[in-house]
Each structure stands twice: as structure tokens, then as C-alpha cells.
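Visitor: Have a look at this one.
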Amino acid sequence: MTRYVLRAASLAVALGLWQALTSLNVDLWLRFSQFPTVTDVARAFAARLSGPDYWTDLTDSLTRILTGFLLAAVLGVATGVLVARSRLAEDLLGPVLEVIRPIPAIALVPVAILLFPSNEQGIVFITCTAAFFPVLVSTRHAVRALTPMWEEAVRTMGGGRWRILGSVVLPGALPGVFGGLSVGIGVSWICVISAEMISGQYGVGYRTWQDYTVVDYPGVFVGMVTIGVLGWLTSTAVELLGRRLTRWLPRTAYVPGARPPRPARSVKPVPAAPATAPGGPVSEEARDEHLV
């Protein structure tokens, strides 16, 4: 409960600081007088929620991001496993992928315009490309980092190639795969918003750019807040799915900022009473008295 209170308090402090700097028109090198206040953005947000355009833009952006991201997840995992497990695939696909990987996905907008007959397909292509390479690289490294002993154990028990793939490779690489998916969903949002600003007709990015061209700065901040909330929700969904599918992994009990537990004090063992004494055998009552 304390952590949730601290998080809510940090958000409230940030909004209060924003409101104070913009309402007082503070200009200390940074021109906060040009920014809309929190109340202006809240009023613009309420006005957008009551109109149909906001929900249309939201639906279009979510459709594009989910379509491109799902395609990237399937293709990235399949290609990553193939390149990591096959030398022939690595020799054939590796050079081409390594040449294309450093190119920013948003730089492929002219290519998408030339290749695809509609802007919608081009935006999905850019979104898929943005998420494809993080998933590919993380999957490839995760598969190569697997312990060879596991594969040998399956082979010893008579398992074939597909058995190894389903029992060792894919389950063992899941943590790395979901690490790439978490990165990929964030990069996808960056690229889909940029693509909508350049060649889109609907969507959150398109609407945000249109608000900027007509100097509607509260509307611009409404788009920014919407993008941030959508990105946070989708990233959280990917993380929760990853935890669900990797429940068999050991979890750490580490809590940030918590003090490590003190080591337990060692207790000296009580020496047992001798069974015999110089004067003869010791009775049970004498031994009990000695222990007390």
C-alpha cells in the first residue's frame, strides 16, 4: 500500500508542478508560458471523449499496432529459432538481416509507399518491421544460450528434432522471447505514431499532428497522453502474459529498497550428559537435571 501511495503522490506532484509552471507563465530558459495548463488539457480531453473522432482514431491505431505486432512476434520468433539452430539459415539470412536491422523503421516509409497499394498496409508493414528485429535478436540469443545438456537428455530418451523444439528450445527461450516482445511493443508504438503522422488518414498520431498544424496545443497533449496510456497498457499486457507462461521459473523475492534480513544467531548445542560417571552409572533423573 505504501508503494502505491508513493506512486500516486509522485504523479500528483508532477501534475501540480506542471500546473504551477504553466499558469504562472514561468520562462527560465524553458518557455513554460507556451505550454497549456493541466486544466486546459483536461477540458480538451473531456471534449474529445464526447466526440466520435477520438474513438475512431483509437480503434484504428490499436488495430494497426496489434496486427503489426502479432505478425512481428510470429515471424521474429520463427526466424530467431531458425537462425540459431541452423547454420545454413544463418549463412543465407544472417547477412541480409544484419544489413537491414540498423535501418530505422520510420525510414522505410518511402519503401512502404512504393510497395503497398494502400497507406493502411504500409503502416502495418512499418509497425511489423519495428517490432520484428528486437524479437528476432532476443530469440536468437536466448536459443543459443540454452544448456546443451537438456537437448542431450531428450535425445538419450529417444526424442527427435520436433520433441527437442517443443520440450527444450521454446520453453527454455521464453524469458528471452518476452524480453524482446516487451521492447518490440514500445518500438512499435513509436513507429506507428510516426507513420500515421506522415501518411495516415486516421489514428492517434494523425490527429495529434493535425492539432499541431492548427495550433491546438491542448489537443496535442491529449494525443500525447493517449499514446502514453496505450503504450503502458500494451506493455503491461505483454509482461503479464510472459509471467503467466513462465510460471515454472523461480521468482526472486527481492524488493527494491528493502533491507536484507539479518543472519540468524548461531545457537551453541547443549552438551549431552555422560552416560556413566566416575562414581558409577548415572540415573535418568540425574541426566534430566543436568540438561535443565
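Ligands are numbered from 1 in the order shown, chains are lettered A, B, ... in the order of the C-alpha cells, and residues start at 1 in each chain.
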Extract the full set of alpha helix (DSSP H) residues from range 92-271 of chain A according to DSSP on the backbone, and format it as a CSV table (one decimal) with N, CA and C atoms, in the first residue's frame.
Guide:
```csv
chain,number,residue,atom,x,y,z
A,92,LEU,N,22.4,-17.9,-45.0
A,92,LEU,CA,21.6,-17.4,-46.0
A,92,LEU,C,20.9,-16.1,-45.6
A,93,LEU,N,20.3,-16.1,-44.3
A,93,LEU,CA,19.5,-15.0,-43.9
A,93,LEU,C,20.3,-14.0,-43.0
A,94,GLY,N,21.3,-14.4,-42.3
A,94,GLY,CA,22.1,-13.6,-41.4
A,94,GLY,C,22.6,-12.3,-42.1
A,95,PRO,N,23.3,-12.4,-43.2
A,95,PRO,CA,23.8,-11.1,-43.8
A,95,PRO,C,22.8,-10.1,-44.2
A,96,VAL,N,21.7,-10.6,-44.8
A,96,VAL,CA,20.6,-9.7,-45.2
A,96,VAL,C,19.9,-9.1,-44.0
A,97,LEU,N,19.7,-9.8,-42.9
A,97,LEU,CA,19.0,-9.3,-41.7
A,97,LEU,C,19.9,-8.3,-41.0
A,98,GLU,N,21.2,-8.5,-41.0
A,98,GLU,CA,22.1,-7.6,-40.3
A,98,GLU,C,22.3,-6.3,-41.0
A,99,VAL,N,22.1,-6.4,-42.4
A,99,VAL,CA,22.2,-5.1,-43.1
A,99,VAL,C,21.0,-4.3,-43.0
A,100,ILE,N,19.8,-4.9,-42.9
A,100,ILE,CA,18.5,-4.2,-42.8
A,100,ILE,C,18.3,-3.7,-41.3
A,109,VAL,N,9.3,4.4,-44.7
A,109,VAL,CA,8.1,4.9,-45.2
A,109,VAL,C,8.0,5.1,-46.7
A,110,PRO,N,9.1,5.6,-47.3
A,110,PRO,CA,9.0,5.7,-48.8
A,110,PRO,C,9.0,4.3,-49.4
A,111,VAL,N,9.7,3.3,-48.9
A,111,VAL,CA,9.6,2.0,-49.4
A,111,VAL,C,8.2,1.4,-49.3
A,112,ALA,N,7.5,1.7,-48.1
A,112,ALA,CA,6.2,1.2,-47.9
A,112,ALA,C,5.2,1.8,-48.9
A,113,ILE,N,5.4,3.1,-49.2
A,113,ILE,CA,4.5,3.8,-50.1
A,113,ILE,C,4.7,3.2,-51.5
A,114,LEU,N,5.9,2.9,-51.9
A,114,LEU,CA,6.1,2.3,-53.2
A,114,LEU,C,5.7,0.9,-53.3
A,115,LEU,N,5.8,0.1,-52.2
A,115,LEU,CA,5.5,-1.3,-52.3
A,115,LEU,C,4.0,-1.6,-52.2
A,119,ASN,N,-2.2,3.0,-47.9
A,119,ASN,CA,-1.4,3.5,-46.7
A,119,ASN,C,-1.6,2.6,-45.5
A,120,GLU,N,-2.8,2.0,-45.4
A,120,GLU,CA,-3.0,1.1,-44.2
A,120,GLU,C,-2.1,0.0,-44.2
A,121,GLN,N,-1.8,-0.7,-45.3
A,121,GLN,CA,-0.9,-1.8,-45.4
A,121,GLN,C,0.5,-1.3,-45.1
A,122,GLY,N,0.9,-0.2,-45.6
A,122,GLY,CA,2.2,0.4,-45.4
A,122,GLY,C,2.5,0.6,-43.9
A,123,ILE,N,1.5,1.2,-43.2
A,123,ILE,CA,1.7,1.4,-41.8
A,123,ILE,C,1.8,0.1,-41.0
A,124,VAL,N,1.1,-0.9,-41.3
A,124,VAL,CA,1.2,-2.2,-40.7
A,124,VAL,C,2.6,-2.8,-41.0
A,125,PHE,N,3.1,-2.6,-42.2
A,125,PHE,CA,4.4,-3.1,-42.5
A,125,PHE,C,5.5,-2.4,-41.7
A,126,ILE,N,5.4,-1.1,-41.5
A,126,ILE,CA,6.4,-0.3,-40.7
A,126,ILE,C,6.3,-0.8,-39.3
A,127,THR,N,5.1,-1.0,-38.8
A,127,THR,CA,4.9,-1.4,-37.4
A,127,THR,C,5.5,-2.8,-37.2
A,128,CYS,N,5.3,-3.7,-38.1
A,128,CYS,CA,5.8,-5.1,-38.0
A,128,CYS,C,7.3,-5.1,-38.1
A,129,THR,N,7.9,-4.2,-39.0
A,129,THR,CA,9.3,-4.2,-39.1
A,129,THR,C,10.0,-3.7,-37.8
A,130,ALA,N,9.3,-2.7,-37.2
A,130,ALA,CA,9.9,-2.1,-36.0
A,130,ALA,C,10.0,-3.1,-34.9
A,131,ALA,N,9.0,-4.0,-34.7
A,131,ALA,CA,9.0,-5.0,-33.6
A,131,ALA,C,9.7,-6.3,-34.0
A,132,PHE,N,9.9,-6.5,-35.3
A,132,PHE,CA,10.5,-7.8,-35.8
A,132,PHE,C,11.9,-8.0,-35.3
A,133,PHE,N,12.8,-7.0,-35.4
A,133,PHE,CA,14.2,-7.1,-35.1
A,133,PHE,C,14.5,-7.3,-33.6
A,134,PRO,N,13.8,-6.5,-32.7
A,134,PRO,CA,14.0,-6.8,-31.3
A,134,PRO,C,13.6,-8.3,-30.9
A,135,VAL,N,12.5,-8.8,-31.4
A,135,VAL,CA,12.1,-10.1,-31.1
A,135,VAL,C,13.1,-11.1,-31.7
A,136,LEU,N,13.5,-10.9,-33.0
A,136,LEU,CA,14.5,-11.8,-33.6
A,136,LEU,C,15.8,-11.9,-32.8
A,137,VAL,N,16.4,-10.8,-32.5
A,137,VAL,CA,17.7,-10.8,-31.8
A,137,VAL,C,17.5,-11.4,-30.4
A,138,SER,N,16.5,-11.1,-29.6
A,138,SER,CA,16.4,-11.7,-28.3
A,138,SER,C,16.1,-13.2,-28.4
A,139,THR,N,15.3,-13.6,-29.4
A,139,THR,CA,15.1,-15.0,-29.5
A,139,THR,C,16.3,-15.8,-29.9
A,140,ARG,N,17.1,-15.2,-30.8
A,140,ARG,CA,18.3,-15.9,-31.3
A,140,ARG,C,19.3,-16.0,-30.1
A,141,HIS,N,19.5,-15.0,-29.3
A,141,HIS,CA,20.4,-15.1,-28.2
A,141,HIS,C,19.9,-16.1,-27.1
A,142,ALA,N,18.6,-16.1,-26.9
A,142,ALA,CA,18.0,-17.0,-25.9
A,142,ALA,C,18.2,-18.4,-26.3
A,143,VAL,N,18.0,-18.7,-27.6
A,143,VAL,CA,18.1,-20.1,-28.0
A,143,VAL,C,19.6,-20.6,-27.9
A,144,ARG,N,20.5,-19.7,-28.3
A,144,ARG,CA,21.9,-20.0,-28.3
A,144,ARG,C,22.5,-20.2,-26.9
A,148,PRO,N,23.3,-27.2,-23.5
A,148,PRO,CA,23.3,-28.4,-24.4
A,148,PRO,C,22.9,-29.7,-23.6
A,149,MET,N,23.1,-29.7,-22.3
A,149,MET,CA,22.7,-30.9,-21.6
A,149,MET,C,21.3,-31.3,-21.7
A,150,TRP,N,20.4,-30.3,-21.8
A,150,TRP,CA,19.0,-30.6,-21.9
A,150,TRP,C,18.6,-31.3,-23.2
A,151,GLU,N,19.2,-30.8,-24.2
A,151,GLU,CA,19.0,-31.4,-25.5
A,151,GLU,C,19.5,-32.8,-25.6
A,152,GLU,N,20.7,-33.0,-25.0
A,152,GLU,CA,21.3,-34.4,-25.0
A,152,GLU,C,20.4,-35.3,-24.2
A,153,ALA,N,19.8,-34.8,-23.1
A,153,ALA,CA,18.9,-35.7,-22.3
A,153,ALA,C,17.7,-36.1,-23.1
A,154,VAL,N,17.1,-35.2,-23.9
A,154,VAL,CA,16.0,-35.6,-24.7
A,154,VAL,C,16.4,-36.6,-25.7
A,155,ARG,N,17.5,-36.4,-26.3
A,155,ARG,CA,18.0,-37.3,-27.4
A,155,ARG,C,18.3,-38.7,-26.8
A,156,THR,N,18.8,-38.7,-25.5
A,156,THR,CA,19.1,-40.0,-24.9
A,156,THR,C,17.8,-40.8,-24.6
A,161,ARG,N,13.8,-34.3,-33.4
A,161,ARG,CA,14.0,-32.9,-33.5
A,161,ARG,C,12.8,-32.0,-33.1
A,162,TRP,N,11.6,-32.5,-33.4
A,162,TRP,CA,10.4,-31.7,-33.0
A,162,TRP,C,10.2,-31.8,-31.5
A,163,ARG,N,10.5,-32.9,-30.9
A,163,ARG,CA,10.4,-33.1,-29.5
A,163,ARG,C,11.3,-32.1,-28.8
A,164,ILE,N,12.6,-32.0,-29.3
A,164,ILE,CA,13.5,-31.1,-28.7
A,164,ILE,C,13.0,-29.6,-28.8
A,170,LEU,N,11.8,-24.0,-27.2
A,170,LEU,CA,10.8,-23.0,-27.0
A,170,LEU,C,10.6,-22.7,-25.5
A,171,PRO,N,10.4,-23.7,-24.6
A,171,PRO,CA,10.2,-23.3,-23.2
A,171,PRO,C,11.5,-22.6,-22.6
A,172,GLY,N,12.6,-23.1,-23.0
A,172,GLY,CA,13.8,-22.5,-22.4
A,172,GLY,C,14.1,-21.1,-22.9
A,173,ALA,N,13.6,-20.8,-24.1
A,173,ALA,CA,13.9,-19.4,-24.7
A,173,ALA,C,12.8,-18.4,-24.3
A,174,LEU,N,11.7,-18.9,-23.7
A,174,LEU,CA,10.6,-18.0,-23.4
A,174,LEU,C,10.9,-16.7,-22.7
A,175,PRO,N,11.8,-16.8,-21.6
A,175,PRO,CA,12.1,-15.5,-20.9
A,175,PRO,C,12.8,-14.5,-21.9
A,176,GLY,N,13.7,-14.9,-22.7
A,176,GLY,CA,14.3,-14.0,-23.7
A,176,GLY,C,13.4,-13.6,-24.7
A,177,VAL,N,12.5,-14.4,-25.2
A,177,VAL,CA,11.5,-14.0,-26.2
A,177,VAL,C,10.6,-12.9,-25.7
A,178,PHE,N,10.1,-13.0,-24.4
A,178,PHE,CA,9.2,-12.0,-23.9
A,178,PHE,C,10.0,-10.7,-23.6
A,179,GLY,N,11.3,-10.8,-23.3
A,179,GLY,CA,12.1,-9.6,-23.2
A,179,GLY,C,12.1,-8.8,-24.5
A,180,GLY,N,12.3,-9.6,-25.6
A,180,GLY,CA,12.2,-8.9,-26.9
A,180,GLY,C,10.8,-8.4,-27.3
A,181,LEU,N,9.8,-9.1,-26.9
A,181,LEU,CA,8.4,-8.6,-27.1
A,181,LEU,C,8.1,-7.4,-26.4
A,182,SER,N,8.6,-7.2,-25.1
A,182,SER,CA,8.4,-6.0,-24.4
A,182,SER,C,9.1,-4.8,-25.0
A,183,VAL,N,10.3,-5.0,-25.5
A,183,VAL,CA,11.0,-4.0,-26.3
A,183,VAL,C,10.3,-3.7,-27.6
A,184,GLY,N,9.8,-4.7,-28.3
A,184,GLY,CA,9.2,-4.6,-29.6
A,184,GLY,C,7.9,-3.8,-29.5
A,185,ILE,N,7.1,-4.0,-28.5
A,185,ILE,CA,5.8,-3.3,-28.4
A,185,ILE,C,6.0,-1.8,-28.2
A,186,GLY,N,7.0,-1.4,-27.5
A,186,GLY,CA,7.3,0.0,-27.3
A,186,GLY,C,7.8,0.6,-28.6
A,187,VAL,N,8.7,0.0,-29.3
A,187,VAL,CA,9.2,0.5,-30.6
A,187,VAL,C,8.1,0.6,-31.6
A,188,SER,N,7.2,-0.4,-31.5
A,188,SER,CA,6.0,-0.4,-32.5
A,188,SER,C,5.2,0.9,-32.3
A,189,TRP,N,4.9,1.3,-31.1
A,189,TRP,CA,4.1,2.5,-30.8
A,189,TRP,C,4.8,3.7,-31.4
A,190,ILE,N,6.1,3.8,-31.2
A,190,ILE,CA,6.9,4.9,-31.7
A,190,ILE,C,6.7,5.0,-33.2
A,191,CYS,N,6.9,3.9,-33.9
A,191,CYS,CA,6.8,3.9,-35.4
A,191,CYS,C,5.4,4.0,-35.9
A,192,VAL,N,4.4,3.4,-35.3
A,192,VAL,CA,3.1,3.6,-35.8
A,192,VAL,C,2.6,5.0,-35.7
A,193,ILE,N,2.9,5.7,-34.6
A,193,ILE,CA,2.5,7.1,-34.5
A,193,ILE,C,3.2,7.9,-35.5
A,194,SER,N,4.5,7.7,-35.7
A,194,SER,CA,5.3,8.4,-36.7
A,194,SER,C,4.7,8.2,-38.1
A,195,ALA,N,4.4,6.9,-38.4
A,195,ALA,CA,3.8,6.6,-39.7
A,195,ALA,C,2.5,7.3,-39.9
A,196,GLU,N,1.7,7.3,-38.9
A,196,GLU,CA,0.4,7.9,-39.0
A,196,GLU,C,0.5,9.4,-39.2
A,197,MET,N,1.5,10.0,-38.6
A,197,MET,CA,1.8,11.5,-38.8
A,197,MET,C,2.2,11.8,-40.3
A,198,ILE,N,2.9,10.8,-40.9
A,198,ILE,CA,3.4,11.0,-42.3
A,198,ILE,C,2.4,10.7,-43.3
A,199,SER,N,1.8,9.5,-43.2
A,199,SER,CA,1.0,9.0,-44.3
A,199,SER,C,-0.4,8.5,-43.9
A,204,VAL,N,-4.3,8.0,-33.8
A,204,VAL,CA,-3.9,9.0,-32.7
A,204,VAL,C,-2.8,9.9,-33.3
A,205,GLY,N,-1.8,9.3,-34.0
A,205,GLY,CA,-0.7,10.1,-34.5
A,205,GLY,C,-1.2,11.1,-35.5
A,206,TYR,N,-2.0,10.7,-36.4
A,206,TYR,CA,-2.6,11.6,-37.4
A,206,TYR,C,-3.3,12.8,-36.7
A,207,ARG,N,-4.1,12.5,-35.8
A,207,ARG,CA,-4.9,13.5,-35.1
A,207,ARG,C,-4.0,14.5,-34.3
A,208,THR,N,-2.9,13.9,-33.7
A,208,THR,CA,-2.0,14.7,-32.9
A,208,THR,C,-1.3,15.7,-33.9
A,209,TRP,N,-0.9,15.2,-35.0
A,209,TRP,CA,-0.2,16.1,-36.0
A,209,TRP,C,-1.2,17.2,-36.6
A,210,GLN,N,-2.4,16.8,-36.8
A,210,GLN,CA,-3.4,17.8,-37.3
A,210,GLN,C,-3.6,18.9,-36.2
A,211,ASP,N,-3.7,18.5,-35.0
A,211,ASP,CA,-3.8,19.5,-33.9
A,211,ASP,C,-2.6,20.4,-33.8
A,212,TYR,N,-1.4,19.9,-34.1
A,212,TYR,CA,-0.3,20.8,-34.1
A,212,TYR,C,-0.3,21.8,-35.3
A,213,THR,N,-0.7,21.3,-36.5
A,213,THR,CA,-0.8,22.2,-37.6
A,213,THR,C,-1.8,23.4,-37.5
A,217,TYR,N,-2.7,23.3,-29.1
A,217,TYR,CA,-1.7,22.7,-28.2
A,217,TYR,C,-2.4,21.8,-27.2
A,218,PRO,N,-3.5,22.1,-26.6
A,218,PRO,CA,-4.2,21.2,-25.7
A,218,PRO,C,-4.5,19.9,-26.4
A,219,GLY,N,-5.0,19.9,-27.7
A,219,GLY,CA,-5.2,18.7,-28.4
A,219,GLY,C,-4.0,17.9,-28.6
A,220,VAL,N,-2.8,18.6,-28.8
A,220,VAL,CA,-1.6,17.8,-29.0
A,220,VAL,C,-1.3,17.0,-27.7
A,221,PHE,N,-1.5,17.7,-26.6
A,221,PHE,CA,-1.2,17.0,-25.3
A,221,PHE,C,-2.2,15.9,-25.0
A,222,VAL,N,-3.4,16.0,-25.5
A,222,VAL,CA,-4.4,14.9,-25.4
A,222,VAL,C,-3.9,13.7,-26.2
A,223,GLY,N,-3.3,13.9,-27.4
A,223,GLY,CA,-2.8,12.8,-28.1
A,223,GLY,C,-1.6,12.2,-27.4
A,224,MET,N,-0.7,13.0,-26.9
A,224,MET,CA,0.5,12.5,-26.2
A,224,MET,C,0.1,11.7,-25.0
A,225,VAL,N,-0.9,12.1,-24.2
A,225,VAL,CA,-1.4,11.4,-23.0
A,225,VAL,C,-2.0,10.0,-23.5
A,226,THR,N,-2.8,10.1,-24.6
A,226,THR,CA,-3.4,8.9,-25.1
A,226,THR,C,-2.3,7.9,-25.5
A,227,ILE,N,-1.3,8.3,-26.2
A,227,ILE,CA,-0.2,7.4,-26.7
A,227,ILE,C,0.5,6.8,-25.4
A,228,GLY,N,0.8,7.6,-24.4
A,228,GLY,CA,1.4,7.1,-23.3
A,228,GLY,C,0.6,6.1,-22.5
A,229,VAL,N,-0.7,6.3,-22.4
A,229,VAL,CA,-1.5,5.3,-21.7
A,229,VAL,C,-1.7,4.0,-22.5
A,230,LEU,N,-1.8,4.1,-23.8
A,230,LEU,CA,-1.9,2.9,-24.6
A,230,LEU,C,-0.7,2.1,-24.6
A,231,GLY,N,0.5,2.8,-24.7
A,231,GLY,CA,1.8,2.1,-24.6
A,231,GLY,C,2.0,1.4,-23.3
A,232,TRP,N,1.6,2.1,-22.2
A,232,TRP,CA,1.7,1.5,-20.9
A,232,TRP,C,0.8,0.2,-20.7
A,233,LEU,N,-0.4,0.3,-21.2
A,233,LEU,CA,-1.4,-0.8,-21.1
A,233,LEU,C,-0.9,-2.0,-22.0
A,234,THR,N,-0.4,-1.8,-23.2
A,234,THR,CA,0.0,-2.9,-24.0
A,234,THR,C,1.3,-3.5,-23.5
A,235,SER,N,2.2,-2.7,-23.0
A,235,SER,CA,3.5,-3.2,-22.4
A,235,SER,C,3.2,-4.1,-21.2
A,236,THR,N,2.2,-3.6,-20.3
A,236,THR,CA,1.8,-4.3,-19.1
A,236,THR,C,1.2,-5.7,-19.5
A,237,ALA,N,0.4,-5.6,-20.6
A,237,ALA,CA,-0.3,-6.9,-21.0
A,237,ALA,C,0.7,-7.9,-21.5
A,238,VAL,N,1.8,-7.5,-22.2
A,238,VAL,CA,2.8,-8.4,-22.7
A,238,VAL,C,3.6,-8.9,-21.5
A,239,GLU,N,3.9,-8.1,-20.5
A,239,GLU,CA,4.6,-8.5,-19.3
A,239,GLU,C,3.8,-9.5,-18.5
A,240,LEU,N,2.5,-9.3,-18.3
A,240,LEU,CA,1.7,-10.2,-17.6
A,240,LEU,C,1.6,-11.6,-18.3
A,241,LEU,N,1.4,-11.5,-19.6
A,241,LEU,CA,1.4,-12.8,-20.4
A,241,LEU,C,2.7,-13.5,-20.2
A,242,GLY,N,3.8,-12.8,-20.3
A,242,GLY,CA,5.1,-13.5,-20.1
A,242,GLY,C,5.2,-14.2,-18.7
A,243,ARG,N,4.7,-13.5,-17.7
A,243,ARG,CA,4.8,-14.1,-16.3
A,243,ARG,C,3.9,-15.3,-16.3
A,244,ARG,N,2.7,-15.2,-17.0
A,244,ARG,CA,1.8,-16.3,-16.9
A,244,ARG,C,2.4,-17.6,-17.6
A,245,LEU,N,3.1,-17.4,-18.7
A,245,LEU,CA,3.6,-18.5,-19.5
A,245,LEU,C,4.9,-19.0,-18.9
```
Visitor: Go through range 19-132 of chain A and collect every residue that DSSP, computed from the backbone, puts in strand (DSSP E); the answer should be as JSON, numbers by chain.
Guide: {"A": [27, 28, 30, 31]}
Visitor: To one decimal place, how far is CA of Met157 in chain A from CA of Arg85 in chain A in Å?
Guide: 20.5 Å
